[in-house]
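Beneath this line is the structure, given in structure tokens, with notes to follow.
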Amino acid sequence: MKEQNHDDPELDAVLTGVGPRLRRLRKDRGVTLAGLSEVTGISVSTLSRLESGGRRPSLELLLPIARAHEVPLDDLVGAPPVGDPRVKAKPIVHGAKTSLPLTARPGGLQAYKVVQEASCTEAPEQRTHEGYEWLYVLSGRLRLKLAEHDLVLVPGEAAEFDTRLPHWFGPAGDEPVEFLSLFGPQGERMHVRAKPKRS
């Protein structure tokens with residue numbers, strides 16, 4: 001493997017700009033070195049040396065910082081804009097469910113367009129996990145079992161919920177359903193409520 005050339009002026013210019021960029025981003029967000037250290041697991045002294053240029057940035061250090069600030073890694077290293085803002089995501093297929101990621105940045109809210117075919121399955125099994133989810137139905141009917149509630153959402157209806165509550169959602173009936181799903185860490189919430197199922 002070819003060793004990295006540390007005498008490359010272009011590389012040195014990029015690396016030299018990382019420290020001031022890290023400091024500016026942290027200060028703009030009102031975060032202390034101690035606070036960032038607690039979130040990333042990187043020592044205060046290492047973070048301080050990164051910002052002052054006394055420590056060379058590495059992926060091992062920059063990835064947790066990017067995740068903590070919820071920014072793309074490119075923002076930390078000052079990568080030039082690519083010019084094409086489109087998200088080129090590959091569909092994720094799990095049986096009868098196809099999810100298309102609509103966001104590319106790590107951390108924060110994640111958005112998906114989901115198409116789920118009706119399938120013969122056992123009774124829906126509700127699950128729980130950390131986070132918050134928002135659903136918006138585009139076509140078809142979406143059944144949402146949330147704790148003791150059993151709702152059916154139709155096109156144009158939305159629901160939001162804390163995913164620590166037992167939940168399951170999928171097609172309501174024999175037709176496929178198409179919906180948008182936004183999922184994020186606890187605390188990142190939308191402000192739209194679903195209407196209850198009409199009797």
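Note on naming: chains are A, B, ... as they come in the structure tokens, residues start from 1 per chain, ligands start from 1 in the order shown.
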Could you pull the residues within 12 Å of A:Gly184, counting only C-alpha atoms, minus those fewer than 6 positions along the same chain, as a list of chain:residue names?
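Non-adjacent residues within range: A:Glu70, A:Thr103, A:Pro106, A:Gly107, A:Gly108, A:Leu109, A:Gln110, A:Ala111, A:Tyr112, A:His129, A:Glu130, A:Gly131, A:Tyr132, A:Glu133, A:Trp134, A:Glu160, A:Phe161, A:Asp162, A:Thr163, A:Met190.
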Using DSSP on the backbone coordinates, identify all residues within stretch 4-195 of chain A classified as strand (DSSP E or B); present the result as a ChimeraX atom specification.
/A:92-94,97-101,110-116,127,132-139,142-146,149-153,158-162,167-171,177-184
Tell me, in Å to one decimal, how far atom CA of A:Leu180 is from atom CA of A:Pro72.
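The value is 22.7 Å.
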Could you name the residues that touch stretch 55-63 of chain A at 8 Å or less, counting only C-alpha atoms, but leaving out those on the same chain fewer than 6 positions away, as a list in words?
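Contacts, with the query itself left out: Leu15, Val18, Ile42, Thr46, Arg49, Leu73 and Leu76 of chain A.
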Those residues with C-alpha atoms, as a PDB file, in the first residue's frame please?
```pdb
ATOM      1  CA  LEU A  15      -5.981  19.551   7.002  1.00  0.00           C
ATOM      2  CA  VAL A  18     -10.117  21.517   9.704  1.00  0.00           C
ATOM      3  CA  ILE A  42     -12.956  11.986  22.700  1.00  0.00           C
ATOM      4  CA  THR A  46      -7.541  15.785  21.990  1.00  0.00           C
ATOM      5  CA  ARG A  49      -5.416  19.947  19.944  1.00  0.00           C
ATOM      6  CA  LEU A  73     -18.205  14.694   7.214  1.00  0.00           C
ATOM      7  CA  LEU A  76     -15.783  19.270   8.630  1.00  0.00           C
TER       8      LEU A  76
END
```
Atom CA of A:Val115 to atom CA of A:Asp174, distance in Å rounded to a single decimal
13.5 Å
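Between A:Phe179 and the residues A:Glu117, A:Glu125, A:Asp28, A:Asp150, the shortest atom-to-atom distance, using only C-alpha atoms, involves A:Glu117.
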Please list as JSON, numbers by chain every residue within 10 Å of A:Lys97, counting only C-alpha atoms and excluding residues in the same chain fewer than 6 positions away.
{"A": [114, 115, 116, 117, 118, 119, 170, 176, 177, 178]}
May I have the residues from that selection written out with N, CA and C atoms, as a PDB file, in the first residue's frame?
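Below is the file again.pdb, written as the result:
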```pdb
ATOM      1  N   VAL A 114     -41.633   4.565   1.561  1.00  0.00           N
ATOM      2  CA  VAL A 114     -41.813   3.126   1.752  1.00  0.00           C
ATOM      3  C   VAL A 114     -43.004   2.639   0.935  1.00  0.00           C
ATOM      4  N   VAL A 115     -42.797   1.526   0.231  1.00  0.00           N
ATOM      5  CA  VAL A 115     -43.888   0.834  -0.442  1.00  0.00           C
ATOM      6  C   VAL A 115     -43.941  -0.557   0.167  1.00  0.00           C
ATOM      7  N   GLN A 116     -45.096  -0.907   0.727  1.00  0.00           N
ATOM      8  CA  GLN A 116     -45.231  -2.213   1.362  1.00  0.00           C
ATOM      9  C   GLN A 116     -46.409  -2.958   0.766  1.00  0.00           C
ATOM     10  N   GLU A 117     -46.100  -4.134   0.234  1.00  0.00           N
ATOM     11  CA  GLU A 117     -47.132  -4.986  -0.343  1.00  0.00           C
ATOM     12  C   GLU A 117     -47.879  -5.699   0.780  1.00  0.00           C
ATOM     13  N   ALA A 118     -49.142  -6.000   0.516  1.00  0.00           N
ATOM     14  CA  ALA A 118     -49.898  -6.802   1.482  1.00  0.00           C
ATOM     15  C   ALA A 118     -49.320  -8.210   1.458  1.00  0.00           C
ATOM     16  N   SER A 119     -49.170  -8.815   2.610  1.00  0.00           N
ATOM     17  CA  SER A 119     -48.639 -10.168   2.669  1.00  0.00           C
ATOM     18  C   SER A 119     -49.359 -10.940   3.765  1.00  0.00           C
ATOM     19  N   GLY A 170     -48.346  -1.351   8.835  1.00  0.00           N
ATOM     20  CA  GLY A 170     -48.276  -2.051   7.562  1.00  0.00           C
ATOM     21  C   GLY A 170     -49.582  -1.884   6.811  1.00  0.00           C
ATOM     22  N   PRO A 176     -51.423  -2.773  -1.550  1.00  0.00           N
ATOM     23  CA  PRO A 176     -50.180  -2.189  -1.040  1.00  0.00           C
ATOM     24  C   PRO A 176     -50.423  -0.783  -0.490  1.00  0.00           C
ATOM     25  N   VAL A 177     -49.503  -0.325   0.347  1.00  0.00           N
ATOM     26  CA  VAL A 177     -49.577   1.029   0.890  1.00  0.00           C
ATOM     27  C   VAL A 177     -48.247   1.723   0.613  1.00  0.00           C
ATOM     28  N   GLU A 178     -48.324   3.006   0.301  1.00  0.00           N
ATOM     29  CA  GLU A 178     -47.134   3.823   0.040  1.00  0.00           C
ATOM     30  C   GLU A 178     -47.160   4.979   1.026  1.00  0.00           C
TER      31      GLU A 178
END
```
What is the atom CA of A:Val44-atom CA of A:Arg67 distance in Å, reported with one decimal?
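Between atom CA of A:Val44 and atom CA of A:Arg67 the gap works out to 16.9 Å.
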Just the residues within 12 Å of A:Leu47, please, counting only C-alpha atoms, with nothing from its chain fewer than 4 positions along; format it as a ChimeraX atom specification.
/A:18-20,22-23,26,32-43,51-58,61-62,64-65
In terms of the shortest atom-to-atom distance over only C-alpha atoms, which of A:Val31, A:Ser48, A:Val152, A:Ser139 is closest to A:His69?
A:Val31
